[in-house]
Amino acid sequence: MPTPHRCDPKLFEKDLTGQVIICTGANSGIGLETTRQLTSQNATVILACRNEEKANVAMKDIGNADKTFYIHLDLSDLDSVRSFVDTFTSKYDRLDILINNAGVMMCPYAKTKQGFELQIGSNHLAHFLLFQLLTPILIKTAEETGKPSRFITVSSCAAAACNVPGMTSTDPEIDFDDLNWEKKKYDQSAAYAQSKLANYLTALEASHKYESSKLISASLHPGWVQSNLDQHVISNNFFGNMLRKLFLWSGKMINAVDGAQTTLFCILNDAKSMESGAFYSQLGVYKEKDATKGGWPIKLPNPKATDEVASKLWVESEKLVNP
């Protein structure tokens, strides 16, 4: 059974007092465990979530009441993204780290409020807009503290060809001619892969646009994590739960604490040791065998994930979120 990558315990001894962090989807899974660890190190974490009730349950579970705060964010609505940023900037004058963590996975075809296919709309475009609107305060914080702020986006091994039933076995690509699946038959796995590739490309292009002395950008694969994210892949019934237990036993699936390790590494690792724009990966079900063991960082095994595509996607995304 393979052993997941885990942070050096010394990273968890760092004092984050005064730092302000936003984490989308922080009420469950790796977002919850990431928030739990960061608040234990005295950071203030904003839980950017759609469901206030679930966010309150999560904050009660975490326990650091003076370190966790909820602001409503619905990633299927760009107006909600703008409202979130307005609320945040009215309350806080610094932002050290933005963690674009939330996402939907291989769901049936649906559209966001603005008419985008749900996976590219929520996983990529809404998070892209969030990052764009918060970049000024990230840069301002870096200038005031003398330390680079960080932009962390949770991508997936699905940004490359995978070797597991139900996931794309060919190299994903960005279909600029039909980003929203309006011309071709909908493939929920390929749509998910496209959105996760877009996450990687956003962090890559951000590293070209902003000096690493001001902003460190990183994308990551957290591992195949036991969470409710895979509800459209594995049924939430007796047989589905048995299958999850089998994957956990085999080491292909990991728990949320191990799933949060790559995010935490990208946040806590010394800035001088970070490679802005790089891809940090937990164990993965990559089709390319050498990549399955992961690495902090590794080269994403997708030849279609180029600088040129990243630049083009940035331009197109700006047009879509700012019509």
# chains A, B, ... in the order shown; residues from 1 in each chain; ligands from 1

call {"tool": "residues_around", "arguments": {"residues": "A:Gly294", "least_positions_apart": "4", "cutoff": "6 Å", "atoms": "only C-alpha atoms", "output": "JSON list (two decimals) with N, CA and C atoms, in the first residue's frame"}}
result
[["chain", "number", "residue", "atom", "x", "y", "z"],
["A", 281, "SER", "N", 1.58, 17.42, -6.51],
["A", 281, "SER", "CA", 0.66, 16.29, -6.60],
["A", 281, "SER", "C", 0.84, 15.26, -5.50],
["A", 282, "GLN", "N", -0.28, 14.90, -4.90],
["A", 282, "GLN", "CA", -0.36, 13.73, -4.03],
["A", 282, "GLN", "C", -0.30, 12.50, -4.94],
["A", 283, "LEU", "N", -0.35, 11.30, -4.39],
["A", 283, "LEU", "CA", -0.48, 10.09, -5.18],
["A", 283, "LEU", "C", -1.63, 10.27, -6.17]]

call {"tool": "residues_around", "arguments": {"residues": "A:Ser28", "least_positions_apart": "5", "cutoff": "12 Å", "atoms": "only C-alpha atoms", "output": "PyMOL selection string"}}
result
chain A and resi 23+33-36+47-51+54-59+61-62+101-103+225-229+256-257+259-260

call {"tool": "closest_residue", "arguments": {"among": "A:Val285, A:Leu320, A:Ile30, A:Ala203", "to": "A:Cys162", "atoms": "only C-alpha atoms"}}
result
A:Val285

call {"tool": "residues_around", "arguments": {"residues": "A:Ala158", "least_positions_apart": "5", "cutoff": "8 Å", "atoms": "only C-alpha atoms", "output": "number ranges by chain"}}
result
A: 167-168, 172, 192-193, 196-197, 286

call {"tool": "closest_residue", "arguments": {"among": "A:Thr153, A:Ser219, A:Ser213, A:Gln41", "to": "A:Ala271", "atoms": "only C-alpha atoms"}}
result
A:Ser213

call {"tool": "select_by_dssp", "arguments": {"residues": "stretch 50-101 of chain A", "states": "strand (DSSP E)", "output": "list in words"}}
result
Thr68, Phe69, Tyr70, Ile71, His72, Ile97, Leu98, Ile99 and Asn100 of chain A

call {"tool": "residues_around", "arguments": {"residues": "A:Leu11", "least_positions_apart": "4", "cutoff": "12 Å", "atoms": "only C-alpha atoms", "output": "ChimeraX atom specification"}}
result
/A:6-7,15-16,37-38,41,261,264-270

call {"tool": "write_last_selection", "arguments": {"atoms": "N, CA and C atoms", "output": "short mmCIF file (atom, residue, chain, number, x, y, z; two decimals), in the first residue's frame"}}
result
data_model
loop_
_atom_site.label_atom_id
_atom_site.label_comp_id
_atom_site.auth_asym_id
_atom_site.auth_seq_id
_atom_site.Cartn_x
_atom_site.Cartn_y
_atom_site.Cartn_z
N ARG A 6 3.17 13.52 3.07
CA ARG A 6 2.71 14.26 4.24
C ARG A 6 3.70 15.37 4.56
N CYS A 7 3.18 16.46 5.11
CA CYS A 7 4.02 17.60 5.45
C CYS A 7 4.99 17.26 6.58
N ASP A 15 3.83 29.96 13.22
CA ASP A 15 2.79 30.83 13.78
C ASP A 15 2.24 31.73 12.68
N LEU A 16 0.95 31.61 12.40
CA LEU A 16 0.31 32.37 11.34
C LEU A 16 -0.52 33.54 11.88
N GLN A 37 -6.43 23.01 10.34
CA GLN A 37 -5.00 23.11 10.61
C GLN A 37 -4.54 24.56 10.65
N LEU A 38 -4.99 25.37 9.71
CA LEU A 38 -4.53 26.76 9.64
C LEU A 38 -4.99 27.57 10.84
N GLN A 41 -2.96 27.12 13.86
CA GLN A 41 -1.70 27.87 13.80
C GLN A 41 -1.95 29.37 13.85
N GLN A 261 -2.96 17.57 2.84
CA GLN A 261 -1.51 17.75 3.01
C GLN A 261 -0.87 18.56 1.90
N LEU A 264 -1.76 22.22 2.27
CA LEU A 264 -1.04 22.79 3.41
C LEU A 264 0.44 22.99 3.10
N PHE A 265 1.02 22.06 2.35
CA PHE A 265 2.42 22.22 1.96
C PHE A 265 2.61 23.47 1.11
N CYS A 266 1.71 23.68 0.15
CA CYS A 266 1.81 24.85 -0.72
C CYS A 266 1.62 26.15 0.05
N ILE A 267 0.91 26.09 1.16
CA ILE A 267 0.69 27.27 1.99
C ILE A 267 1.85 27.52 2.94
N LEU A 268 2.36 26.45 3.56
CA LEU A 268 3.29 26.57 4.67
C LEU A 268 4.76 26.44 4.29
N ASN A 269 5.04 25.83 3.15
CA ASN A 269 6.43 25.66 2.75
C ASN A 269 7.09 27.03 2.56
N ASP A 270 8.37 27.14 2.90
CA ASP A 270 9.07 28.41 2.79
C ASP A 270 8.98 28.95 1.37
#

call {"tool": "residues_around", "arguments": {"residues": "stretch 304-308 of chain A", "least_positions_apart": "3", "cutoff": "10 Å", "atoms": "only C-alpha atoms", "output": "PDB file with N, CA, C and O atoms, in the first residue's frame"}}
result
ATOM      1  N   ALA A 159      -6.574  16.563 -14.760  1.00  0.00           N
ATOM      2  CA  ALA A 159      -6.043  17.509 -15.736  1.00  0.00           C
ATOM      3  C   ALA A 159      -5.125  16.821 -16.734  1.00  0.00           C
ATOM      4  O   ALA A 159      -4.705  17.429 -17.718  1.00  0.00           O
ATOM      5  N   ALA A 160      -4.825  15.549 -16.452  1.00  0.00           N
ATOM      6  CA  ALA A 160      -4.037  14.720 -17.356  1.00  0.00           C
ATOM      7  C   ALA A 160      -4.804  13.418 -17.613  1.00  0.00           C
ATOM      8  O   ALA A 160      -5.858  13.178 -17.002  1.00  0.00           O
ATOM      9  N   ASP A 171      -5.423  12.711 -23.060  1.00  0.00           N
ATOM     10  CA  ASP A 171      -5.005  14.009 -22.529  1.00  0.00           C
ATOM     11  C   ASP A 171      -6.119  15.040 -22.678  1.00  0.00           C
ATOM     12  O   ASP A 171      -6.540  15.341 -23.805  1.00  0.00           O
ATOM     13  N   PRO A 172      -6.606  15.603 -21.565  1.00  0.00           N
ATOM     14  CA  PRO A 172      -7.646  16.641 -21.659  1.00  0.00           C
ATOM     15  C   PRO A 172      -7.121  17.881 -22.373  1.00  0.00           C
ATOM     16  O   PRO A 172      -5.917  18.135 -22.404  1.00  0.00           O
ATOM     17  N   GLU A 173      -8.039  18.656 -22.935  1.00  0.00           N
ATOM     18  CA  GLU A 173      -7.679  19.903 -23.580  1.00  0.00           C
ATOM     19  C   GLU A 173      -8.796  20.919 -23.394  1.00  0.00           C
ATOM     20  O   GLU A 173      -9.919  20.573 -23.012  1.00  0.00           O
ATOM     21  N   ILE A 174      -8.470  22.176 -23.636  1.00  0.00           N
ATOM     22  CA  ILE A 174      -9.463  23.244 -23.575  1.00  0.00           C
ATOM     23  C   ILE A 174     -10.077  23.402 -24.958  1.00  0.00           C
ATOM     24  O   ILE A 174      -9.372  23.690 -25.927  1.00  0.00           O
ATOM     25  N   LEU A 197      -8.090  21.104 -15.828  1.00  0.00           N
ATOM     26  CA  LEU A 197      -6.968  21.601 -16.617  1.00  0.00           C
ATOM     27  C   LEU A 197      -6.953  23.123 -16.582  1.00  0.00           C
ATOM     28  O   LEU A 197      -5.891  23.753 -16.473  1.00  0.00           O
ATOM     29  N   ALA A 198      -8.133  23.721 -16.643  1.00  0.00           N
ATOM     30  CA  ALA A 198      -8.235  25.184 -16.587  1.00  0.00           C
ATOM     31  C   ALA A 198      -7.697  25.719 -15.261  1.00  0.00           C
ATOM     32  O   ALA A 198      -7.064  26.781 -15.228  1.00  0.00           O
ATOM     33  N   TYR A 200      -5.276  24.382 -13.471  1.00  0.00           N
ATOM     34  CA  TYR A 200      -3.808  24.329 -13.599  1.00  0.00           C
ATOM     35  C   TYR A 200      -3.294  25.489 -14.456  1.00  0.00           C
ATOM     36  O   TYR A 200      -2.323  26.168 -14.097  1.00  0.00           O
ATOM     37  N   LEU A 201      -3.940  25.716 -15.587  1.00  0.00           N
ATOM     38  CA  LEU A 201      -3.486  26.747 -16.517  1.00  0.00           C
ATOM     39  C   LEU A 201      -3.600  28.148 -15.922  1.00  0.00           C
ATOM     40  O   LEU A 201      -2.782  29.029 -16.209  1.00  0.00           O
ATOM     41  N   LEU A 204      -0.650  28.620 -13.701  1.00  0.00           N
ATOM     42  CA  LEU A 204       0.535  28.742 -14.548  1.00  0.00           C
ATOM     43  C   LEU A 204       0.644  30.144 -15.133  1.00  0.00           C
ATOM     44  O   LEU A 204       1.702  30.779 -15.065  1.00  0.00           O
ATOM     45  N   GLU A 205      -0.441  30.656 -15.695  1.00  0.00           N
ATOM     46  CA  GLU A 205      -0.412  31.991 -16.296  1.00  0.00           C
ATOM     47  C   GLU A 205      -0.245  33.078 -15.235  1.00  0.00           C
ATOM     48  O   GLU A 205       0.427  34.091 -15.481  1.00  0.00           O
ATOM     49  N   HIS A 208       3.236  33.872 -14.588  1.00  0.00           N
ATOM     50  CA  HIS A 208       3.879  34.689 -15.612  1.00  0.00           C
ATOM     51  C   HIS A 208       3.509  36.164 -15.458  1.00  0.00           C
ATOM     52  O   HIS A 208       4.283  37.044 -15.826  1.00  0.00           O
ATOM     53  N   LEU A 300       3.070  18.266 -14.741  1.00  0.00           N
ATOM     54  CA  LEU A 300       1.778  17.697 -15.119  1.00  0.00           C
ATOM     55  C   LEU A 300       1.944  16.910 -16.412  1.00  0.00           C
ATOM     56  O   LEU A 300       2.377  17.473 -17.428  1.00  0.00           O
ATOM     57  N   PRO A 301       1.611  15.616 -16.419  1.00  0.00           N
ATOM     58  CA  PRO A 301       1.839  14.800 -17.609  1.00  0.00           C
ATOM     59  C   PRO A 301       0.766  14.989 -18.679  1.00  0.00           C
ATOM     60  O   PRO A 301       0.015  14.080 -19.008  1.00  0.00           O
ATOM     61  N   SER A 311      -2.111  31.205 -21.676  1.00  0.00           N
ATOM     62  CA  SER A 311      -2.285  32.619 -22.016  1.00  0.00           C
ATOM     63  C   SER A 311      -3.611  32.858 -22.737  1.00  0.00           C
ATOM     64  O   SER A 311      -4.340  33.819 -22.434  1.00  0.00           O
ATOM     65  N   LYS A 312      -3.935  31.979 -23.662  1.00  0.00           N
ATOM     66  CA  LYS A 312      -5.184  32.114 -24.417  1.00  0.00           C
ATOM     67  C   LYS A 312      -6.390  31.937 -23.499  1.00  0.00           C
ATOM     68  O   LYS A 312      -7.376  32.687 -23.605  1.00  0.00           O
ATOM     69  N   LEU A 313      -6.318  30.974 -22.598  1.00  0.00           N
ATOM     70  CA  LEU A 313      -7.431  30.737 -21.681  1.00  0.00           C
ATOM     71  C   LEU A 313      -7.657  31.946 -20.778  1.00  0.00           C
ATOM     72  O   LEU A 313      -8.801  32.320 -20.498  1.00  0.00           O
TER      73      LEU A 313
END

call {"tool": "select_by_dssp", "arguments": {"residues": "stretch 128-274 of chain A", "states": "helix (DSSP H, G or I)", "output": "PyMOL selection string"}}
result
chain A and resi 128-145+157-159+188-209+228-232+238-250+256-259+261-268+271-273

call {"tool": "atom_distance", "arguments": {"atom1": "atom CA of A:Trp224", "atom2": "atom CA of A:His124"}}
result
19.5 Å

call {"tool": "atom_distance", "arguments": {"atom1": "atom CA of A:Thr39", "atom2": "atom CA of A:Val81"}}
result
23.8 Å

call {"tool": "residues_around", "arguments": {"residues": "stretch 182-187 of chain A", "least_positions_apart": "3", "cutoff": "9 Å", "atoms": "only C-alpha atoms", "output": "PyMOL selection string"}}
result
chain A and resi 106+108-109+117+177-179+190-192

call {"tool": "write_last_selection", "arguments": {"atoms": "N, CA and C atoms", "output": "mmCIF file, in the first residue's frame"}}
result
data_model
loop_
_atom_site.group_PDB
_atom_site.id
_atom_site.type_symbol
_atom_site.label_atom_id
_atom_site.label_comp_id
_atom_site.auth_asym_id
_atom_site.auth_seq_id
_atom_site.Cartn_x
_atom_site.Cartn_y
_atom_site.Cartn_z
ATOM 1 N N MET A 106 -17.951 15.741 -12.165
ATOM 2 C CA MET A 106 -18.640 14.814 -13.061
ATOM 3 C C MET A 106 -20.148 14.774 -12.834
ATOM 4 N N PRO A 108 -24.223 15.669 -13.724
ATOM 5 C CA PRO A 108 -25.027 15.734 -14.953
ATOM 6 C C PRO A 108 -25.025 17.150 -15.518
ATOM 7 N N TYR A 109 -25.338 17.272 -16.787
ATOM 8 C CA TYR A 109 -25.296 18.585 -17.432
ATOM 9 C C TYR A 109 -26.212 19.578 -16.732
ATOM 10 N N GLU A 117 -21.668 26.061 -18.741
ATOM 11 C CA GLU A 117 -21.726 24.673 -18.285
ATOM 12 C C GLU A 117 -21.219 24.640 -16.846
ATOM 13 N N ASP A 177 -13.585 26.367 -28.919
ATOM 14 C CA ASP A 177 -14.713 26.524 -29.831
ATOM 15 C C ASP A 177 -16.037 26.078 -29.211
ATOM 16 N N ASP A 178 -15.954 25.312 -28.138
ATOM 17 C CA ASP A 178 -17.183 24.822 -27.503
ATOM 18 C C ASP A 178 -16.933 24.574 -26.012
ATOM 19 N N LEU A 179 -16.546 25.632 -25.328
ATOM 20 C CA LEU A 179 -16.190 25.529 -23.909
ATOM 21 C C LEU A 179 -17.362 25.040 -23.063
ATOM 22 N N ALA A 190 -15.171 14.303 -19.298
ATOM 23 C CA ALA A 190 -14.334 15.204 -20.085
ATOM 24 C C ALA A 190 -14.554 16.665 -19.676
ATOM 25 N N ALA A 191 -15.784 17.006 -19.313
ATOM 26 C CA ALA A 191 -16.081 18.363 -18.855
ATOM 27 C C ALA A 191 -15.359 18.660 -17.541
ATOM 28 N N TYR A 192 -15.341 17.668 -16.660
ATOM 29 C CA TYR A 192 -14.612 17.820 -15.394
ATOM 30 C C TYR A 192 -13.122 17.988 -15.659
#

call {"tool": "closest_residue", "arguments": {"among": "A:Val315, A:Phe279, A:Phe176, A:Gly63", "to": "A:Ile298", "atoms": "only C-alpha atoms"}}
result
A:Phe279
